[in-house]
>>> print(open('data.cif').read())   # mmCIF, C-alpha atoms and all ligand atoms
data_query
loop_
_atom_site.label_atom_id
_atom_site.label_comp_id
_atom_site.auth_asym_id
_atom_site.auth_seq_id
_atom_site.Cartn_x
_atom_site.Cartn_y
_atom_site.Cartn_z
CA MET A 1 -18.46 24.00 -15.48
CA ALA A 2 -15.42 23.54 -13.25
CA LYS A 3 -16.01 24.62 -9.66
CA GLU A 4 -13.55 27.24 -8.43
CA ILE A 5 -11.54 25.91 -5.50
CA LYS A 6 -10.27 28.27 -2.82
CA THR A 7 -9.51 25.95 0.09
CA VAL A 8 -8.07 22.45 -0.13
CA GLY A 9 -8.20 19.83 2.61
CA VAL A 10 -5.82 16.87 2.78
CA LEU A 11 -6.26 13.62 4.71
CA THR A 12 -4.70 10.16 4.97
CA SER A 13 -6.95 7.13 5.37
CA GLY A 14 -6.73 3.33 5.77
CA GLY A 15 -3.34 1.69 6.47
CA ASP A 16 -0.42 4.12 6.62
CA ALA A 17 2.42 3.86 4.10
CA PRO A 18 5.94 5.35 3.87
CA GLY A 19 5.80 8.32 1.50
CA MET A 20 2.42 9.57 2.69
CA ASN A 21 4.24 12.50 4.35
CA ALA A 22 5.99 13.36 1.10
CA ALA A 23 2.57 13.38 -0.60
CA ILE A 24 1.03 15.60 2.11
CA ARG A 25 3.97 18.00 1.81
CA ALA A 26 3.56 18.18 -1.97
CA VAL A 27 -0.22 18.75 -1.79
CA VAL A 28 0.28 21.56 0.75
CA ARG A 29 3.13 23.33 -1.01
CA LYS A 30 1.80 23.00 -4.57
CA SER A 31 -1.69 24.14 -3.54
CA ILE A 32 -0.19 27.18 -1.83
CA ALA A 33 1.90 27.86 -4.95
CA ASN A 34 -1.37 27.67 -6.93
CA GLY A 35 -2.79 30.42 -4.69
CA LEU A 36 -5.02 28.22 -2.51
CA THR A 37 -5.47 27.92 1.26
CA VAL A 38 -4.77 24.48 2.77
CA LYS A 39 -6.23 22.67 5.77
CA GLY A 40 -5.04 19.37 7.21
CA ILE A 41 -7.66 16.88 8.35
CA LYS A 42 -6.43 14.55 11.07
CA LYS A 43 -7.17 10.80 11.35
CA GLY A 44 -8.92 10.29 8.02
CA TYR A 45 -12.69 10.44 7.66
CA GLN A 46 -13.06 9.95 11.43
CA GLY A 47 -11.10 13.14 12.07
CA LEU A 48 -13.23 14.95 9.48
CA LEU A 49 -16.42 13.92 11.32
CA ASN A 50 -14.79 14.99 14.62
CA GLU A 51 -13.75 18.33 13.03
CA GLU A 52 -10.07 17.72 13.73
CA ILE A 53 -9.05 20.30 11.15
CA ILE A 54 -5.88 22.41 11.24
CA ASP A 55 -4.52 25.26 9.15
CA MET A 56 -1.44 24.35 7.14
CA ASP A 57 1.27 26.51 5.62
CA ARG A 58 4.61 25.72 3.96
CA HIS A 59 6.23 25.48 7.36
CA SER A 60 3.70 22.90 8.69
CA VAL A 61 5.23 20.32 6.36
CA SER A 62 8.90 21.09 7.02
CA ASP A 63 11.16 18.20 7.98
CA ILE A 64 8.69 15.43 7.11
CA ILE A 65 9.71 14.15 3.66
CA GLN A 66 12.11 11.63 5.22
CA ARG A 67 9.66 10.37 7.86
CA GLY A 68 7.54 7.21 7.69
CA GLY A 69 3.92 7.09 8.88
CA THR A 70 1.67 10.09 8.37
CA ILE A 71 1.87 13.35 10.33
CA LEU A 72 -1.91 13.71 9.95
CA GLY A 73 -2.63 10.28 11.44
CA THR A 74 -4.99 7.78 9.84
CA ALA A 75 -8.05 5.77 10.82
CA ARG A 76 -10.79 3.51 9.64
CA CYS A 77 -14.26 4.98 10.12
CA MET A 78 -17.57 3.09 10.04
CA GLU A 79 -19.76 6.20 10.47
CA PHE A 80 -18.47 7.61 7.17
CA LYS A 81 -19.78 4.55 5.34
CA THR A 82 -23.35 5.73 6.04
CA LEU A 83 -25.14 8.38 3.95
CA GLU A 84 -25.75 10.38 7.13
CA GLY A 85 -22.03 10.33 7.91
CA GLN A 86 -21.20 11.46 4.37
CA LYS A 87 -23.72 14.34 4.52
CA LYS A 88 -22.37 15.40 7.91
CA ALA A 89 -18.79 15.30 6.56
CA ALA A 90 -19.74 17.48 3.56
CA ASP A 91 -21.47 19.99 5.89
CA ILE A 92 -18.32 20.12 8.04
CA CYS A 93 -16.24 20.79 4.92
CA ARG A 94 -18.55 23.67 3.96
CA LYS A 95 -18.44 25.05 7.53
CA HIS A 96 -14.62 25.17 7.32
CA GLY A 97 -14.68 26.56 3.77
CA ILE A 98 -13.12 23.39 2.33
CA ASP A 99 -14.24 22.97 -1.29
CA GLY A 100 -11.84 20.24 -2.34
CA ILE A 101 -10.11 17.32 -0.61
CA VAL A 102 -7.11 15.16 -1.50
CA VAL A 103 -7.56 11.69 0.00
CA ILE A 104 -4.40 9.61 0.31
CA GLY A 105 -5.25 5.93 0.88
CA GLY A 106 -6.30 2.64 -0.68
CA ASP A 107 -9.38 1.74 -2.69
CA GLY A 108 -11.62 1.77 0.42
CA SER A 109 -10.62 5.41 0.87
CA TYR A 110 -11.39 6.05 -2.82
CA ARG A 111 -14.95 4.79 -2.24
CA GLY A 112 -15.20 7.35 0.56
CA ALA A 113 -13.87 10.08 -1.74
CA GLN A 114 -16.44 9.16 -4.36
CA LYS A 115 -19.24 9.52 -1.79
CA LEU A 116 -17.92 12.90 -0.69
CA SER A 117 -17.81 14.15 -4.28
CA GLN A 118 -21.47 13.07 -4.63
CA GLN A 119 -22.15 15.43 -1.70
CA GLY A 120 -20.64 18.35 -3.64
CA ILE A 121 -17.07 18.37 -2.29
CA ASN A 122 -14.45 18.02 -5.03
CA THR A 123 -12.21 15.02 -4.35
CA ILE A 124 -8.97 13.59 -5.72
CA GLY A 125 -7.55 10.24 -4.54
CA LEU A 126 -3.87 9.34 -4.30
CA PRO A 127 -2.80 5.66 -4.08
CA GLY A 128 -1.29 5.21 -0.62
CA THR A 129 -0.76 1.56 0.31
CA ILE A 130 2.21 -0.77 0.72
CA ASP A 131 0.20 -3.56 -0.96
CA LEU A 132 0.32 -2.30 -4.61
CA ASP A 133 -3.22 -3.62 -4.91
CA ILE A 134 -4.86 -0.70 -6.73
CA ALA A 135 -5.77 -1.70 -10.27
CA CYS A 136 -5.50 1.66 -12.03
CA THR A 137 -1.84 2.22 -11.17
CA ASP A 138 1.50 0.43 -11.56
CA TYR A 139 2.84 2.25 -8.47
CA THR A 140 1.41 2.91 -5.01
CA ILE A 141 2.98 5.14 -2.36
CA GLY A 142 4.88 2.96 0.15
CA PHE A 143 5.30 -0.24 -1.85
CA ASP A 144 8.92 0.45 -2.76
CA THR A 145 9.91 1.10 0.85
CA ALA A 146 8.02 -1.95 2.10
CA ILE A 147 9.64 -4.34 -0.39
CA ASN A 148 13.10 -2.96 0.35
CA THR A 149 12.52 -3.35 4.11
CA ALA A 150 11.26 -6.90 3.66
CA MET A 151 14.04 -7.79 1.20
CA GLN A 152 16.74 -6.70 3.66
CA ALA A 153 15.10 -8.68 6.47
CA ILE A 154 14.84 -11.81 4.29
CA ASP A 155 18.54 -11.52 3.31
CA LYS A 156 19.37 -11.62 7.02
CA VAL A 157 17.20 -14.66 7.65
CA ARG A 158 18.86 -16.36 4.69
CA ASP A 159 22.32 -15.97 6.29
CA THR A 160 21.27 -17.83 9.41
CA SER A 161 19.24 -20.32 7.36
CA SER A 162 22.41 -21.34 5.45
CA SER A 163 24.56 -21.51 8.59
CA HIS A 164 22.11 -23.86 10.31
CA GLU A 165 21.03 -25.70 7.16
CA ARG A 166 17.43 -24.90 7.92
CA CYS A 167 14.24 -24.21 6.06
CA ASN A 168 12.83 -20.75 6.82
CA ILE A 169 9.37 -19.42 6.09
CA ILE A 170 9.16 -15.63 6.04
CA GLU A 171 5.67 -14.15 6.10
CA VAL A 172 5.29 -10.74 4.45
CA MET A 173 2.30 -8.37 4.46
CA GLY A 174 -0.54 -8.51 1.98
CA ARG A 175 -3.87 -9.81 3.25
CA ASN A 176 -5.49 -9.99 -0.16
CA ALA A 177 -2.61 -9.23 -2.48
CA GLY A 178 0.65 -11.09 -3.13
CA TYR A 179 2.73 -8.31 -4.70
CA ILE A 180 5.10 -7.87 -1.73
CA ALA A 181 5.62 -11.65 -1.63
CA LEU A 182 6.15 -11.84 -5.39
CA TRP A 183 8.67 -8.99 -5.55
CA CYS A 184 10.59 -10.21 -2.48
CA GLY A 185 10.41 -13.78 -3.73
CA ILE A 186 12.24 -12.71 -6.89
CA ALA A 187 14.60 -10.24 -5.17
CA ASN A 188 15.57 -12.72 -2.44
CA GLY A 189 15.80 -15.77 -4.68
CA ALA A 190 13.19 -17.65 -2.66
CA ASP A 191 12.74 -21.35 -3.30
CA ASP A 192 8.96 -21.16 -2.91
CA ILE A 193 6.70 -18.10 -3.16
CA LEU A 194 3.15 -18.42 -1.84
CA LEU A 195 0.67 -15.83 -3.15
CA PRO A 196 -3.02 -15.60 -2.16
CA GLU A 197 -3.86 -15.25 -5.87
CA LYS A 198 -2.01 -18.43 -6.89
CA TYR A 199 -1.40 -20.85 -4.01
CA ASP A 200 -3.10 -24.23 -4.46
CA PHE A 201 -2.54 -25.32 -0.81
CA ASP A 202 -0.60 -28.38 -1.98
CA GLU A 203 1.96 -28.55 0.85
CA GLN A 204 3.33 -31.85 -0.42
CA LYS A 205 4.74 -30.02 -3.46
CA ILE A 206 6.69 -27.71 -1.14
CA ILE A 207 7.92 -30.66 0.94
CA ASP A 208 9.09 -32.48 -2.22
CA ASN A 209 10.86 -29.32 -3.38
CA ILE A 210 12.70 -28.98 -0.05
CA ILE A 211 13.83 -32.63 -0.11
CA GLU A 212 14.90 -32.35 -3.75
CA ASN A 213 16.92 -29.16 -3.09
CA ARG A 214 18.59 -30.73 -0.07
CA LYS A 215 19.61 -33.77 -2.13
CA ARG A 216 21.18 -31.38 -4.68
CA GLY A 217 23.29 -29.89 -1.87
CA LYS A 218 21.39 -26.67 -1.14
CA THR A 219 22.00 -25.67 2.48
CA HIS A 220 19.03 -23.39 3.01
CA HIS A 221 15.43 -23.26 1.82
CA ILE A 222 13.60 -19.95 1.79
CA ILE A 223 9.82 -19.80 1.51
CA VAL A 224 8.23 -16.35 1.16
CA ASN A 225 4.63 -16.60 2.30
CA ALA A 226 2.02 -13.83 1.99
CA GLU A 227 -0.06 -12.79 5.01
CA GLY A 228 -3.20 -13.69 3.03
CA ILE A 229 -2.17 -17.36 3.25
CA GLY A 230 -0.73 -17.01 6.75
CA HIS A 231 -0.36 -19.95 9.18
CA SER A 232 3.44 -19.81 8.76
CA THR A 233 4.14 -21.23 12.24
CA SER A 234 1.96 -24.31 11.84
CA MET A 235 3.22 -24.76 8.28
CA ALA A 236 6.80 -24.77 9.65
CA ARG A 237 5.88 -27.49 12.16
CA ARG A 238 4.34 -29.67 9.46
CA ILE A 239 7.27 -29.19 7.07
CA GLU A 240 9.78 -30.07 9.81
CA ALA A 241 7.83 -33.23 10.69
CA ALA A 242 7.62 -34.29 7.03
CA THR A 243 11.21 -33.50 5.98
CA GLY A 244 13.19 -33.91 9.20
CA ILE A 245 14.79 -30.53 8.39
CA GLU A 246 14.65 -27.88 11.11
CA THR A 247 12.10 -25.30 9.96
CA ARG A 248 11.41 -21.87 11.45
CA ALA A 249 8.82 -19.18 10.72
CA THR A 250 9.38 -15.41 10.87
CA ILE A 251 6.45 -13.02 10.55
CA LEU A 252 7.79 -9.62 9.49
CA GLY A 253 4.55 -7.75 10.28
CA TYR A 254 4.27 -4.00 10.78
CA MET A 255 7.98 -3.24 10.39
CA GLN A 256 7.17 -3.37 6.66
CA ARG A 257 4.71 -0.50 7.00
CA GLY A 258 7.05 1.88 8.81
CA GLY A 259 10.42 3.47 8.28
CA SER A 260 11.95 6.23 6.22
CA PRO A 261 10.67 6.16 2.61
CA THR A 262 13.00 5.20 -0.24
CA CYS A 263 14.06 7.79 -2.80
CA LYS A 264 11.45 6.43 -5.25
CA ASP A 265 8.62 6.72 -2.72
CA ARG A 266 9.65 10.28 -1.82
CA VAL A 267 9.89 11.41 -5.46
CA TYR A 268 6.81 9.62 -6.82
CA ALA A 269 4.70 10.68 -3.82
CA SER A 270 5.88 14.28 -4.37
CA MET A 271 4.99 14.13 -8.07
CA MET A 272 1.57 12.62 -7.34
CA GLY A 273 0.86 15.16 -4.58
CA CYS A 274 1.62 18.03 -6.97
CA TYR A 275 -0.45 16.40 -9.73
CA ALA A 276 -3.43 16.10 -7.34
CA ALA A 277 -3.08 19.74 -6.26
CA ASP A 278 -3.01 20.83 -9.91
CA ILE A 279 -6.09 18.91 -11.07
CA LEU A 280 -7.99 19.99 -7.95
CA SER A 281 -7.00 23.64 -8.67
CA ALA A 282 -8.28 23.12 -12.23
CA GLY A 283 -11.71 22.20 -10.82
CA LYS A 284 -11.57 18.42 -11.42
CA THR A 285 -13.41 16.10 -9.04
CA ASN A 286 -14.02 12.39 -8.44
CA ARG A 287 -10.59 11.52 -9.92
CA VAL A 288 -7.71 9.34 -8.77
CA VAL A 289 -4.09 9.75 -9.74
CA GLY A 290 -2.17 6.76 -11.06
CA TYR A 291 1.13 5.88 -12.72
CA ARG A 292 0.76 4.02 -16.01
CA ASN A 293 3.30 3.23 -18.73
CA GLY A 294 5.83 5.67 -17.31
CA GLU A 295 3.45 8.59 -16.88
CA PHE A 296 1.31 10.11 -14.14
CA VAL A 297 -2.34 10.02 -15.20
CA ASP A 298 -5.79 10.44 -13.65
CA TYR A 299 -8.98 8.40 -13.90
CA ASP A 300 -12.58 8.75 -12.87
CA ILE A 301 -12.98 6.98 -9.49
CA GLU A 302 -15.80 4.81 -10.80
CA GLU A 303 -13.67 3.70 -13.73
CA ALA A 304 -10.64 3.10 -11.45
CA LEU A 305 -12.64 1.00 -8.99
CA ALA A 306 -14.07 -1.13 -11.80
CA MET A 307 -10.58 -2.16 -12.97
CA GLN A 308 -9.28 -5.59 -11.92
CA LYS A 309 -5.71 -6.15 -10.83
CA THR A 310 -4.10 -9.50 -11.48
CA ILE A 311 -0.64 -10.90 -10.89
CA ASN A 312 1.56 -10.34 -13.95
CA GLU A 313 1.81 -13.85 -15.44
CA TYR A 314 5.29 -13.38 -16.89
CA GLN A 315 6.60 -12.04 -13.57
CA TYR A 316 5.04 -15.01 -11.78
CA GLU A 317 6.48 -17.44 -14.31
CA ILE A 318 10.02 -16.10 -13.94
CA SER A 319 9.70 -16.16 -10.14
CA ARG A 320 9.23 -19.92 -10.43
CA ILE A 321 11.99 -20.46 -13.00
CA LEU A 322 14.69 -18.41 -11.26
P1 LIG B 401 -7.91 1.45 2.35
O1 LIG B 401 -8.21 2.86 1.96
O2 LIG B 401 -6.49 1.26 2.75
O3 LIG B 401 -8.42 0.46 1.33
P2 LIG B 401 -10.19 0.80 4.08
O4 LIG B 401 -10.78 -0.16 3.12
O5 LIG B 401 -10.14 0.42 5.51
O6 LIG B 401 -8.67 1.16 3.72
O7 LIG B 401 -10.96 2.18 3.92
C1 LIG B 401 -10.60 3.32 4.66
C2 LIG B 401 -11.84 4.07 5.05
O8 LIG B 401 -12.52 4.56 3.89
C3 LIG B 401 -12.91 3.29 5.80
O9 LIG B 401 -12.65 3.15 7.16
C4 LIG B 401 -14.15 4.13 5.57
O10 LIG B 401 -14.18 5.24 6.44
C5 LIG B 401 -13.90 4.65 4.14
N1 LIG B 401 -14.66 3.80 3.21
C6 LIG B 401 -14.35 2.56 2.78
N2 LIG B 401 -15.30 2.05 1.98
C7 LIG B 401 -16.28 2.99 1.92
C8 LIG B 401 -17.55 3.09 1.25
N3 LIG B 401 -18.01 2.09 0.50
N4 LIG B 401 -18.25 4.21 1.42
C9 LIG B 401 -17.80 5.23 2.17
N5 LIG B 401 -16.62 5.20 2.82
C10 LIG B 401 -15.86 4.12 2.69
O1 LIG B 402 -1.83 -1.39 4.58
C1 LIG B 402 -1.98 -2.62 3.99
C2 LIG B 402 -1.87 -3.70 5.05
O2 LIG B 402 -0.62 -3.58 5.67
C3 LIG B 402 -2.09 -5.10 4.56
O3 LIG B 402 -0.98 -5.68 3.96
C4 LIG B 402 -2.51 -5.77 5.81
O4 LIG B 402 -3.24 -6.91 5.55
C5 LIG B 402 -3.34 -4.73 6.49
O5 LIG B 402 -2.84 -3.50 6.04
C6 LIG B 402 -3.30 -4.80 7.98
O6 LIG B 402 -3.89 -3.67 8.49
P1 LIG B 402 -4.29 -3.45 10.01
O7 LIG B 402 -3.64 -4.53 10.81
O8 LIG B 402 -3.76 -2.08 10.31
O9 LIG B 402 -5.76 -3.51 10.02
#
>>> encode(input="data.cif", output="structure tokens")
Amino acid sequence: MAKEIKTVGVLTSGGDAPGMNAAIRAVVRKSIANGLTVKGIKKGYQGLLNEEIIDMDRHSVSDIIQRGGTILGTARCMEFKTLEGQKKAADICRKHGIDGIVVIGGDGSYRGAQKLSQQGINTIGLPGTIDLDIACTDYTIGFDTAINTAMQAIDKVRDTSSSHERCNIIEVMGRNAGYIALWCGIANGADDILLPEKYDFDEQKIIDNIIENRKRGKTHHIIVNAEGIGHSTSMARRIEAATGIETRATILGYMQRGGSPTCKDRVYASMMGCYAADILSAGKTNRVVGYRNGEFVDYDIEEALAMQKTINEYQYEISRIL
């Protein structure tokens, strides 16, 4: 039997991502439209354990759809990983009358949501991460903004790379996942793309490629390197020593995680926020929302976490050919 939900909580957890505000806004406004009361939980699971809980109305989420970051704040919380922490969090929810929570975050945050649902609080997860590393969905909130930010930065580096006839390594985010590097590698026409999932650490191959390109008259050489491989500065030194071509490293870092969300991130985050509010209102729990084959869908958290994400082989192949 579906549990009747009267009050919905919403929180953001893990690394922030552009579009999280659009998702919060959608959860708040659609839940209110569904006749529910909404509370905002600040700073993720840590804020829940600290009872940093605020009332939210339509007006609380005015003027945020265009803003990066998350108005609720986000955090990583060790205490919530313990059973005691999870029980305490569920008791705090009950004390504040919260019977359902929308958790916007990555797969770590989904594990937290699963634990909370086991404690009797209905939970729905939304994929909020710039890394696109959640297996059950083809889209995650923030990825589109992050790749567009990184792509524009790499275009700029390429201009100066050509002028000075240099080799430039640009390091993009993605500690365990190479999707930002892969997409930017294709979009920026990179000469080498290094992904944690694929890189064989054969630097000689890169060096040979640089020398070969130079012989063919290419004035620049762009290498997009993922954070998961890292060491861009020392790699630049080694490449310069081996090729005699001036080589520089640029680490784009947190600029990729901030900034005003793209149209796609605003619209998809709004759709997903509304979808989460609707399935929570219908009494569903322990579900995550995804985007698959052109449609918004939801999965059991267990099932979603068991899925494996791999780099699309055809996309990887064309990145090397182009
Ligand atoms: P992301 O959600 O971006 O993957 P993390 O992996 O850091 O980020 O997870 C965010 C938070 O979710 C953690 O700080 C912790 O509070 C909670 N969390 C992660 N894994 C678990 C788990 N196995 N059980 C309970 N809570 C978890
Ligand atoms: O949010 C995803 C991400 O940006 C990864 O690409 C990166 O590895 C990680 O977060 C860094 O997070 P932090 O420095 O905030 O721990």
>>> closest_atom_pairs(input="data.cif", of="chain A", to="ligand LIG 401 (chain B)", cutoff="9 Å", atoms="only C-alpha atoms and all ligand atoms", output="Markdown table")
| residue | atom | partner | partner_atom | distance |
| --- | --- | --- | --- | --- |
| A:Thr12 | CA | B:LIG401 | O1 | 8.6 |
| A:Ser13 | CA | B:LIG401 | C1 | 5.3 |
| A:Gly14 | CA | B:LIG401 | O6 | 3.6 |
| A:Gly15 | CA | B:LIG401 | O2 | 4.9 |
| A:Asp16 | CA | B:LIG401 | O2 | 7.7 |
| A:Gly44 | CA | B:LIG401 | O10 | 7.5 |
| A:Tyr45 | CA | B:LIG401 | O10 | 5.5 |
| A:Gln46 | CA | B:LIG401 | O10 | 7.0 |
| A:Thr74 | CA | B:LIG401 | C1 | 8.8 |
| A:Ala75 | CA | B:LIG401 | O9 | 6.4 |
| A:Arg76 | CA | B:LIG401 | O9 | 3.1 |
| A:Cys77 | CA | B:LIG401 | O10 | 3.7 |
| A:Met78 | CA | B:LIG401 | O10 | 5.4 |
| A:Glu79 | CA | B:LIG401 | O10 | 6.9 |
| A:Phe80 | CA | B:LIG401 | O10 | 5.0 |
| A:Lys81 | CA | B:LIG401 | C9 | 3.8 |
| A:Thr82 | CA | B:LIG401 | C9 | 6.8 |
| A:Leu83 | CA | B:LIG401 | C9 | 8.2 |
| A:Gly85 | CA | B:LIG401 | C9 | 8.8 |
| A:Gln86 | CA | B:LIG401 | C9 | 7.4 |
| A:Ile104 | CA | B:LIG401 | O1 | 7.9 |
| A:Gly105 | CA | B:LIG401 | O1 | 4.4 |
| A:Gly106 | CA | B:LIG401 | O1 | 3.3 |
| A:Asp107 | CA | B:LIG401 | O3 | 4.3 |
| A:Gly108 | CA | B:LIG401 | O4 | 3.4 |
| A:Ser109 | CA | B:LIG401 | O8 | 3.7 |
| A:Tyr110 | CA | B:LIG401 | O1 | 6.6 |
| A:Arg111 | CA | B:LIG401 | C8 | 4.7 |
| A:Gly112 | CA | B:LIG401 | N5 | 3.4 |
| A:Ala113 | CA | B:LIG401 | N5 | 7.2 |
| A:Gln114 | CA | B:LIG401 | C9 | 7.7 |
| A:Lys115 | CA | B:LIG401 | C9 | 6.0 |
| A:Leu116 | CA | B:LIG401 | C9 | 8.2 |
| A:Pro127 | CA | B:LIG401 | O1 | 8.6 |
| A:Gly128 | CA | B:LIG401 | O2 | 7.3 |
| A:Thr129 | CA | B:LIG401 | O2 | 6.2 |
| A:Ile134 | CA | B:LIG401 | O3 | 8.9 |
>>> residues_near_ligand(input="data.cif", ligand="ligand LIG 402 (chain B)", cutoff="6 Å", atoms="only C-alpha atoms and all ligand atoms", output="JSON, numbers by chain")
{"A": [15, 129, 130, 131, 173, 174, 175]}
>>> atom_distance(input="data.cif", atom1="atom CA of Ile223 of chain A", atom2="atom CA of Gly253 of chain A")
15.8 Å
>>> atom_distance(input="data.cif", atom1="atom CA of Pro196 of chain A", atom2="atom CA of Ala146 of chain A")
18.1 Å
>>> atom_distance(input="data.cif", atom1="atom CA of Tyr254 of chain A", atom2="atom CA of Val10 of chain A")
24.5 Å
>>> closest_residue(input="data.cif", among="A:Thr219, A:Thr145, A:Gln315, A:Thr137", to="Met20 of chain A", atoms="all atoms listed in the file")
A:Thr145
